[in-house]
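Text of my_file17.cif, listed as mmCIF, C-alpha atoms and all ligand atoms:
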```cif
data_run
#
loop_
_atom_site.group_PDB
_atom_site.id
_atom_site.type_symbol
_atom_site.label_atom_id
_atom_site.label_comp_id
_atom_site.auth_asym_id
_atom_site.auth_seq_id
_atom_site.Cartn_x
_atom_site.Cartn_y
_atom_site.Cartn_z
ATOM 1 C CA MET A 91 5.787 26.942 -9.661
ATOM 2 C CA ALA A 92 8.633 24.488 -9.232
ATOM 3 C CA SER A 93 7.900 21.240 -7.501
ATOM 4 C CA ASN A 94 9.591 17.925 -6.827
ATOM 5 C CA MET A 95 7.641 14.740 -7.309
ATOM 6 C CA TYR A 96 8.889 11.514 -5.840
ATOM 7 C CA ALA A 97 7.787 8.369 -4.081
ATOM 8 C CA THR A 98 7.770 8.047 -0.309
ATOM 9 C CA GLU A 99 6.461 5.672 2.308
ATOM 10 C CA CYS A 100 2.732 5.912 2.902
ATOM 11 C CA PRO A 101 2.033 6.627 6.595
ATOM 12 C CA GLN A 102 -1.142 4.572 6.385
ATOM 13 C CA CYS A 103 -0.227 1.398 4.496
ATOM 14 C CA GLY A 104 3.589 1.431 4.327
ATOM 15 C CA ARG A 105 3.731 1.044 0.568
ATOM 16 C CA SER A 106 4.843 3.644 -1.968
ATOM 17 C CA ALA A 107 2.942 6.920 -2.042
ATOM 18 C CA ILE A 108 3.586 9.982 -4.167
ATOM 19 C CA VAL A 109 4.699 13.360 -2.900
ATOM 20 C CA ASP A 110 4.380 16.597 -4.815
ATOM 21 C CA GLU A 111 6.496 19.107 -2.944
ATOM 22 C CA TYR A 112 6.516 22.817 -3.721
ATOM 23 C CA TYR A 113 9.676 23.516 -1.844
ATOM 24 C CA LYS A 114 9.693 27.303 -2.235
ATOM 25 C CA ARG A 115 6.330 27.906 -0.642
ATOM 26 C CA GLY A 116 6.179 24.835 1.580
ATOM 27 C CA ASP A 117 3.135 23.102 0.089
ATOM 28 C CA ARG A 118 3.256 19.347 0.132
ATOM 29 C CA TYR A 119 0.737 16.890 -1.272
ATOM 30 C CA LEU A 120 1.027 13.216 -0.449
ATOM 31 C CA THR A 121 -1.276 10.752 -2.159
ATOM 32 C CA CYS A 122 -1.183 6.987 -2.016
ATOM 33 C CA TRP A 123 -2.253 5.102 -5.124
ATOM 34 C CA ARG A 124 -2.182 1.870 -3.135
ATOM 35 C CA CYS A 125 -4.551 2.532 -0.221
ATOM 36 C CA GLY A 126 -6.075 5.902 -1.126
ATOM 37 C CA TYR A 127 -4.657 7.885 1.800
ATOM 38 C CA CYS A 128 -3.783 11.546 1.361
ATOM 39 C CA HIS A 129 -2.100 14.230 3.397
ATOM 40 C CA THR A 130 -2.031 17.860 2.321
ATOM 41 C CA VAL A 131 -0.023 20.707 3.801
ATOM 42 C CA GLU A 132 -0.572 24.171 2.378
ATOM 43 C CA ASN A 133 0.999 27.490 3.132
ATOM 44 C CA ARG A 134 -2.109 29.679 3.355
ATOM 45 C CA ALA A 135 -0.259 32.813 2.300
ATOM 46 C CA PHE A 136 -0.020 31.400 -1.207
ATOM 47 C CA HIS A 137 -3.642 30.352 -1.463
ATOM 48 C CA GLU A 138 -5.598 33.299 -0.128
ATOM 49 C CA LYS A 139 -5.219 36.974 0.490
ATOM 50 C CA ASP A 140 -4.098 37.575 4.093
ATOM 51 C CA GLY A 141 -3.652 33.819 4.565
ATOM 52 C CA VAL A 142 -1.495 32.904 7.550
ATOM 53 C CA GLY A 143 0.252 29.716 8.642
ATOM 54 C CA PHE A 144 0.003 26.189 7.330
ATOM 55 C CA GLU A 145 -3.151 24.204 6.914
ATOM 56 C CA GLU A 146 -3.093 20.451 7.122
ATOM 57 C CA GLU A 147 -5.605 17.926 5.938
ATOM 58 C CA VAL A 148 -5.556 14.162 6.225
ATOM 59 C CA CYS A 149 -7.953 11.863 4.436
ATOM 60 C CA PRO A 150 -7.904 8.212 5.344
ATOM 61 C CA GLY A 151 -7.969 5.878 2.363
ATOM 62 C CA PHE A 152 -10.174 2.852 1.851
ATOM 63 C CA GLY A 153 -8.765 1.652 -1.425
ATOM 64 C CA VAL A 154 -8.356 2.591 -5.058
ATOM 65 C CA PHE A 155 -10.024 1.995 -8.364
ATOM 66 C CA VAL A 156 -7.679 2.222 -11.330
ATOM 67 C CA TRP A 157 -9.514 2.262 -14.633
ATOM 68 C CA ARG A 158 -8.102 2.004 -18.111
ATOM 69 C CA GLY A 159 -10.119 1.952 -21.276
ATOM 70 C CA LYS A 160 -9.509 -0.552 -24.056
ATOM 71 C CA LYS A 161 -8.823 2.249 -26.524
ATOM 72 C CA ASP A 162 -7.705 5.054 -24.279
ATOM 73 C CA GLY A 163 -8.541 6.711 -20.991
ATOM 74 C CA TYR A 164 -7.013 6.375 -17.581
ATOM 75 C CA GLN A 165 -8.506 7.267 -14.248
ATOM 76 C CA ILE A 166 -7.465 6.733 -10.664
ATOM 77 C CA THR A 167 -10.108 7.042 -7.985
ATOM 78 C CA MET A 168 -8.970 7.109 -4.396
ATOM 79 C CA LEU A 169 -11.676 5.932 -2.077
ATOM 80 C CA GLY A 170 -12.299 8.136 0.954
ATOM 81 C CA LYS A 171 -14.965 5.712 2.103
ATOM 82 C CA PHE A 172 -16.215 2.280 1.224
ATOM 83 C CA ASP A 173 -19.705 0.870 1.183
ATOM 84 C CA GLU A 174 -21.800 -1.611 -0.753
ATOM 85 C CA ALA A 175 -23.121 0.962 -3.207
ATOM 86 C CA LEU A 176 -19.590 2.045 -4.135
ATOM 87 C CA GLU A 177 -18.456 -1.538 -4.434
ATOM 88 C CA ARG A 178 -21.325 -2.308 -6.822
ATOM 89 C CA GLU A 179 -20.653 0.824 -8.861
ATOM 90 C CA TYR A 180 -16.967 0.061 -9.394
ATOM 91 C CA MET A 181 -17.513 -3.635 -9.985
ATOM 92 C CA GLU A 182 -19.990 -2.724 -12.711
ATOM 93 C CA LYS A 183 -17.559 -0.269 -14.226
ATOM 94 C CA PHE A 184 -14.806 -2.868 -14.137
ATOM 95 C CA HIS A 185 -16.974 -5.323 -16.061
ATOM 96 C CA GLU A 186 -18.133 -2.804 -18.660
ATOM 97 C CA GLU A 187 -17.253 -3.542 -22.241
ATOM 98 C CA GLY A 188 -14.942 -0.566 -22.664
ATOM 99 C CA THR A 189 -12.802 -1.439 -19.637
ATOM 100 C CA ASP A 190 -9.394 -2.991 -20.179
ATOM 101 C CA GLN A 191 -9.596 -5.699 -17.540
ATOM 102 C CA GLU A 192 -5.965 -6.634 -18.013
ATOM 103 C CA THR A 193 -4.727 -3.330 -16.595
ATOM 104 C CA SER A 194 -7.618 -2.020 -14.515
ATOM 105 C CA TYR A 195 -8.034 -3.008 -10.891
ATOM 106 C CA PHE A 196 -10.134 -2.429 -7.841
ATOM 107 C CA VAL A 197 -8.661 -2.811 -4.375
ATOM 108 C CA ARG A 198 -10.154 -2.307 -0.974
ATOM 109 C CA TYR A 199 -8.081 -1.220 2.001
ATOM 110 C CA ASP A 200 -9.541 -1.857 5.408
ATOM 111 C CA GLU A 201 -7.954 -1.973 8.847
ATOM 112 C CA GLY A 202 -4.445 -2.549 7.570
ATOM 113 C CA ARG A 203 -5.418 -5.090 4.941
ATOM 114 C CA PHE A 204 -5.576 -4.995 1.178
ATOM 115 C CA LYS A 205 -8.161 -7.011 -0.669
ATOM 116 C CA VAL A 206 -8.098 -7.185 -4.458
ATOM 117 C CA LEU A 207 -11.732 -7.169 -5.563
ATOM 118 C CA ALA A 208 -11.162 -7.141 -9.325
ATOM 119 C CA GLY A 209 -8.300 -7.154 -11.794
ATOM 120 C CA LYS A 210 -4.617 -7.466 -11.147
ATOM 121 C CA PRO A 211 -2.617 -4.628 -9.542
ATOM 122 C CA THR A 212 0.944 -4.020 -10.732
ATOM 123 C CA GLU A 213 3.865 -5.853 -9.156
ATOM 124 C CA ASN A 214 4.979 -2.571 -7.539
ATOM 125 C CA PHE A 215 1.586 -2.205 -5.936
ATOM 126 C CA HIS A 216 2.328 -4.997 -3.491
ATOM 127 C CA LEU A 217 5.819 -3.940 -2.411
ATOM 128 C CA PRO A 218 6.586 -2.430 0.993
ATOM 129 C CA PHE A 219 8.172 0.982 0.454
ATOM 130 C CA ASP A 220 11.798 0.030 1.192
ATOM 131 C CA VAL A 221 11.660 -2.856 -1.279
ATOM 132 C CA TYR A 222 10.040 -0.631 -3.899
ATOM 133 C CA ARG A 223 12.640 2.107 -3.295
ATOM 134 C CA ASP A 224 15.605 -0.253 -3.700
ATOM 135 C CA LYS A 225 14.082 -1.627 -6.877
ATOM 136 C CA MET A 226 13.716 1.910 -8.296
ATOM 137 C CA TYR A 227 17.297 2.849 -7.304
ATOM 138 C CA LYS A 228 18.504 -0.114 -9.292
ATOM 139 C CA GLU A 229 16.192 0.343 -12.239
ATOM 140 C CA TYR A 230 16.921 4.061 -12.644
ATOM 141 C CA ASP A 231 20.531 3.910 -11.526
ATOM 142 C CA CYS A 232 20.076 6.435 -8.719
ATOM 143 C CA VAL A 233 23.445 7.094 -7.109
ATOM 144 C CA THR A 234 23.751 10.701 -5.979
ATOM 145 C CA GLU A 235 22.098 11.921 -2.810
ATOM 146 C CA PHE A 236 19.643 14.021 -4.819
ATOM 147 C CA GLU A 237 18.743 11.154 -7.136
ATOM 148 C CA ARG A 238 18.148 9.002 -4.080
ATOM 149 C CA TYR A 239 16.006 11.671 -2.438
ATOM 150 C CA LEU A 240 13.769 11.725 -5.495
ATOM 151 C CA VAL A 241 12.669 8.104 -5.491
ATOM 152 C CA PRO A 242 11.227 7.453 -8.982
ATOM 153 C CA ILE A 243 7.478 7.009 -9.326
ATOM 154 C CA GLU A 244 6.076 3.944 -11.023
ATOM 155 C CA GLU A 245 2.625 2.510 -10.913
HETATM 156 ZN ZN ZN A 301 -1.072 3.906 1.374
#
```
Spit out the file's structure as structure tokens when you get a sec.
Ligand SMILES: [Zn+2]
Amino acid sequence: MASNMYATECPQCGRSAIVDEYYKRGDRYLTCWRCGYCHTVENRAFHEKDGVGFEEEVCPGFGVFVWRGKKDGYQITMLGKFDEALEREYMEKFHEEGTDQETSYFVRYDEGRFKVLAGKPTENFHLPFDVYRDKMYKEYDCVTEFERYLVPIEE
């Protein structure tokens, strides 16, 4: 099934989130790799027999844990909650021997604020969406309306 993937402004944190849009059936999945927010819209007719209408789901984000292994492996965990046990778990994982601490990071998002708990997020991570978007337009030479609609995705 054809879909468009592009970056858009995150409704929760205002930075760049990712949209996966299945334009023919109307499904749309927004996920934010900055704050962990997600918003799903699904056309039920395509997901179940006798399904009717659109179903919407919002999950507030409380941060992200981006893990990369020294040899290989890559995992993004979006946090739908945050507590001490989770913090301990991800801090331990970050400090494990197999973790590439140069490229892995752990960020908490709480009441409009980001707090980097471990590692160093990418430069793009910190940019408000409009700044990120203009940077991508330049970097990828986006000039046509369609190219500008599909804001490139970069971690
Ligand atoms: Zn966000």
Neighbours of ligand ZN 301 (chain A) within 10 Å, counting only C-alpha atoms and all ligand atoms, as a PyMOL selection string? chain A and resi 98-108+120-128+150-154+199+202+204+215+218-219
Once the PyMOL selection byres (((chain A and resi 242) around 10) and not hetatm) is applied to the coordinates I shared, what remains selected? I want it as an mmCIF file with C-alpha atoms, in the coordinates of the input.
```cif
data_model
loop_
_atom_site.group_PDB
_atom_site.id
_atom_site.type_symbol
_atom_site.label_atom_id
_atom_site.label_comp_id
_atom_site.auth_asym_id
_atom_site.auth_seq_id
_atom_site.Cartn_x
_atom_site.Cartn_y
_atom_site.Cartn_z
ATOM 1 C CA MET A 95 7.641 14.740 -7.309
ATOM 2 C CA TYR A 96 8.889 11.514 -5.840
ATOM 3 C CA ALA A 97 7.787 8.369 -4.081
ATOM 4 C CA THR A 98 7.770 8.047 -0.309
ATOM 5 C CA ILE A 108 3.586 9.982 -4.167
ATOM 6 C CA TYR A 222 10.040 -0.631 -3.899
ATOM 7 C CA ARG A 223 12.640 2.107 -3.295
ATOM 8 C CA LYS A 225 14.082 -1.627 -6.877
ATOM 9 C CA MET A 226 13.716 1.910 -8.296
ATOM 10 C CA TYR A 227 17.297 2.849 -7.304
ATOM 11 C CA GLU A 229 16.192 0.343 -12.239
ATOM 12 C CA TYR A 230 16.921 4.061 -12.644
ATOM 13 C CA CYS A 232 20.076 6.435 -8.719
ATOM 14 C CA GLU A 237 18.743 11.154 -7.136
ATOM 15 C CA ARG A 238 18.148 9.002 -4.080
ATOM 16 C CA TYR A 239 16.006 11.671 -2.438
ATOM 17 C CA LEU A 240 13.769 11.725 -5.495
ATOM 18 C CA VAL A 241 12.669 8.104 -5.491
ATOM 19 C CA ILE A 243 7.478 7.009 -9.326
ATOM 20 C CA GLU A 244 6.076 3.944 -11.023
#
```
When you look at Val131 of chain A with a cut-off of 7 Å (counting only C-alpha atoms), what residues show up, excluding the ones that are within fewer than 3 positions of it in the same chain? I need them as an NGL selection string. :A and (117-119 or 144-147)
When you count all atoms listed in the file, which of these residues is closest to Leu176 of chain A: A:Tyr112, A:Tyr164, A:Phe136, A:Phe155? A:Phe155
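Checking A:Met168, A:Met181, A:Val197, A:Val233 one by one against His216 of chain A, counting all atoms listed in the file, you find the shortest gap at A:Val197.
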Please rebuild segment 174-209 of chain A with N, CA and C atoms and return the result as a CSV table (one decimal), in the coordinates of the input.
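Ended up saving to out_22.csv:
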```csv
chain,number,residue,atom,x,y,z
A,174,GLU,N,-21.3,-0.7,0.2
A,174,GLU,CA,-21.8,-1.6,-0.8
A,174,GLU,C,-22.2,-1.0,-2.1
A,175,ALA,N,-22.7,0.3,-2.0
A,175,ALA,CA,-23.1,1.0,-3.2
A,175,ALA,C,-21.9,1.3,-4.1
A,176,LEU,N,-20.8,1.7,-3.4
A,176,LEU,CA,-19.6,2.0,-4.1
A,176,LEU,C,-19.0,0.8,-4.7
A,177,GLU,N,-19.0,-0.3,-4.0
A,177,GLU,CA,-18.5,-1.5,-4.4
A,177,GLU,C,-19.2,-2.0,-5.7
A,178,ARG,N,-20.5,-1.9,-5.7
A,178,ARG,CA,-21.3,-2.3,-6.8
A,178,ARG,C,-21.0,-1.4,-8.0
A,179,GLU,N,-20.9,-0.1,-7.8
A,179,GLU,CA,-20.7,0.8,-8.9
A,179,GLU,C,-19.3,0.5,-9.6
A,180,TYR,N,-18.3,0.3,-8.8
A,180,TYR,CA,-17.0,0.1,-9.4
A,180,TYR,C,-16.8,-1.3,-10.0
A,181,MET,N,-17.5,-2.3,-9.4
A,181,MET,CA,-17.5,-3.6,-10.0
A,181,MET,C,-18.2,-3.6,-11.4
A,182,GLU,N,-19.3,-2.8,-11.4
A,182,GLU,CA,-20.0,-2.7,-12.7
A,182,GLU,C,-19.1,-2.0,-13.7
A,183,LYS,N,-18.4,-1.0,-13.3
A,183,LYS,CA,-17.6,-0.3,-14.2
A,183,LYS,C,-16.4,-1.2,-14.7
A,184,PHE,N,-15.9,-2.0,-13.8
A,184,PHE,CA,-14.8,-2.9,-14.1
A,184,PHE,C,-15.3,-3.9,-15.2
A,185,HIS,N,-16.5,-4.3,-15.1
A,185,HIS,CA,-17.0,-5.3,-16.1
A,185,HIS,C,-17.6,-4.7,-17.3
A,186,GLU,N,-17.6,-3.4,-17.4
A,186,GLU,CA,-18.1,-2.8,-18.7
A,186,GLU,C,-17.3,-3.2,-19.9
A,187,GLU,N,-17.9,-3.1,-21.0
A,187,GLU,CA,-17.3,-3.5,-22.2
A,187,GLU,C,-16.0,-2.7,-22.6
A,188,GLY,N,-16.1,-1.4,-22.3
A,188,GLY,CA,-14.9,-0.6,-22.7
A,188,GLY,C,-13.7,-0.6,-21.7
A,189,THR,N,-13.9,-1.4,-20.6
A,189,THR,CA,-12.8,-1.4,-19.6
A,189,THR,C,-11.7,-2.5,-20.0
A,190,ASP,N,-10.5,-2.0,-20.0
A,190,ASP,CA,-9.4,-3.0,-20.2
A,190,ASP,C,-9.1,-3.7,-18.9
A,191,GLN,N,-9.7,-5.0,-18.8
A,191,GLN,CA,-9.6,-5.7,-17.5
A,191,GLN,C,-8.2,-6.3,-17.2
A,192,GLU,N,-7.3,-6.2,-18.2
A,192,GLU,CA,-6.0,-6.6,-18.0
A,192,GLU,C,-5.2,-5.6,-17.1
A,193,THR,N,-5.5,-4.4,-17.3
A,193,THR,CA,-4.7,-3.3,-16.6
A,193,THR,C,-5.5,-2.5,-15.6
A,194,SER,N,-6.8,-2.7,-15.5
A,194,SER,CA,-7.6,-2.0,-14.5
A,194,SER,C,-7.7,-2.9,-13.3
A,195,TYR,N,-7.9,-2.2,-12.1
A,195,TYR,CA,-8.0,-3.0,-10.9
A,195,TYR,C,-8.8,-2.2,-9.8
A,196,PHE,N,-9.3,-3.0,-8.9
A,196,PHE,CA,-10.1,-2.4,-7.8
A,196,PHE,C,-9.7,-3.1,-6.5
A,197,VAL,N,-9.2,-2.3,-5.6
A,197,VAL,CA,-8.7,-2.8,-4.4
A,197,VAL,C,-9.3,-2.1,-3.2
A,198,ARG,N,-9.6,-2.9,-2.2
A,198,ARG,CA,-10.2,-2.3,-1.0
A,198,ARG,C,-9.1,-2.3,0.1
A,199,TYR,N,-9.0,-1.3,0.9
A,199,TYR,CA,-8.1,-1.2,2.0
A,199,TYR,C,-8.9,-1.0,3.3
A,200,ASP,N,-8.7,-1.9,4.2
A,200,ASP,CA,-9.5,-1.9,5.4
A,200,ASP,C,-8.8,-2.4,6.6
A,201,GLU,N,-8.6,-1.6,7.6
A,201,GLU,CA,-8.0,-2.0,8.8
A,201,GLU,C,-6.6,-2.7,8.6
A,202,GLY,N,-5.8,-2.0,7.8
A,202,GLY,CA,-4.4,-2.5,7.6
A,202,GLY,C,-4.3,-3.7,6.5
A,203,ARG,N,-5.5,-4.0,5.9
A,203,ARG,CA,-5.4,-5.1,4.9
A,203,ARG,C,-5.9,-4.7,3.6
A,204,PHE,N,-5.2,-5.2,2.6
A,204,PHE,CA,-5.6,-5.0,1.2
A,204,PHE,C,-6.4,-6.2,0.7
A,205,LYS,N,-7.4,-5.9,-0.1
A,205,LYS,CA,-8.2,-7.0,-0.7
A,205,LYS,C,-8.4,-6.6,-2.1
A,206,VAL,N,-7.9,-7.4,-3.0
A,206,VAL,CA,-8.1,-7.2,-4.5
A,206,VAL,C,-9.5,-7.7,-4.8
A,207,LEU,N,-10.4,-6.8,-5.2
A,207,LEU,CA,-11.7,-7.2,-5.6
A,207,LEU,C,-11.9,-7.5,-7.0
A,208,ALA,N,-11.1,-6.9,-7.9
A,208,ALA,CA,-11.2,-7.1,-9.3
A,208,ALA,C,-9.8,-6.8,-10.0
A,209,GLY,N,-9.5,-7.5,-11.0
A,209,GLY,CA,-8.3,-7.2,-11.8
A,209,GLY,C,-7.0,-7.6,-11.1
```
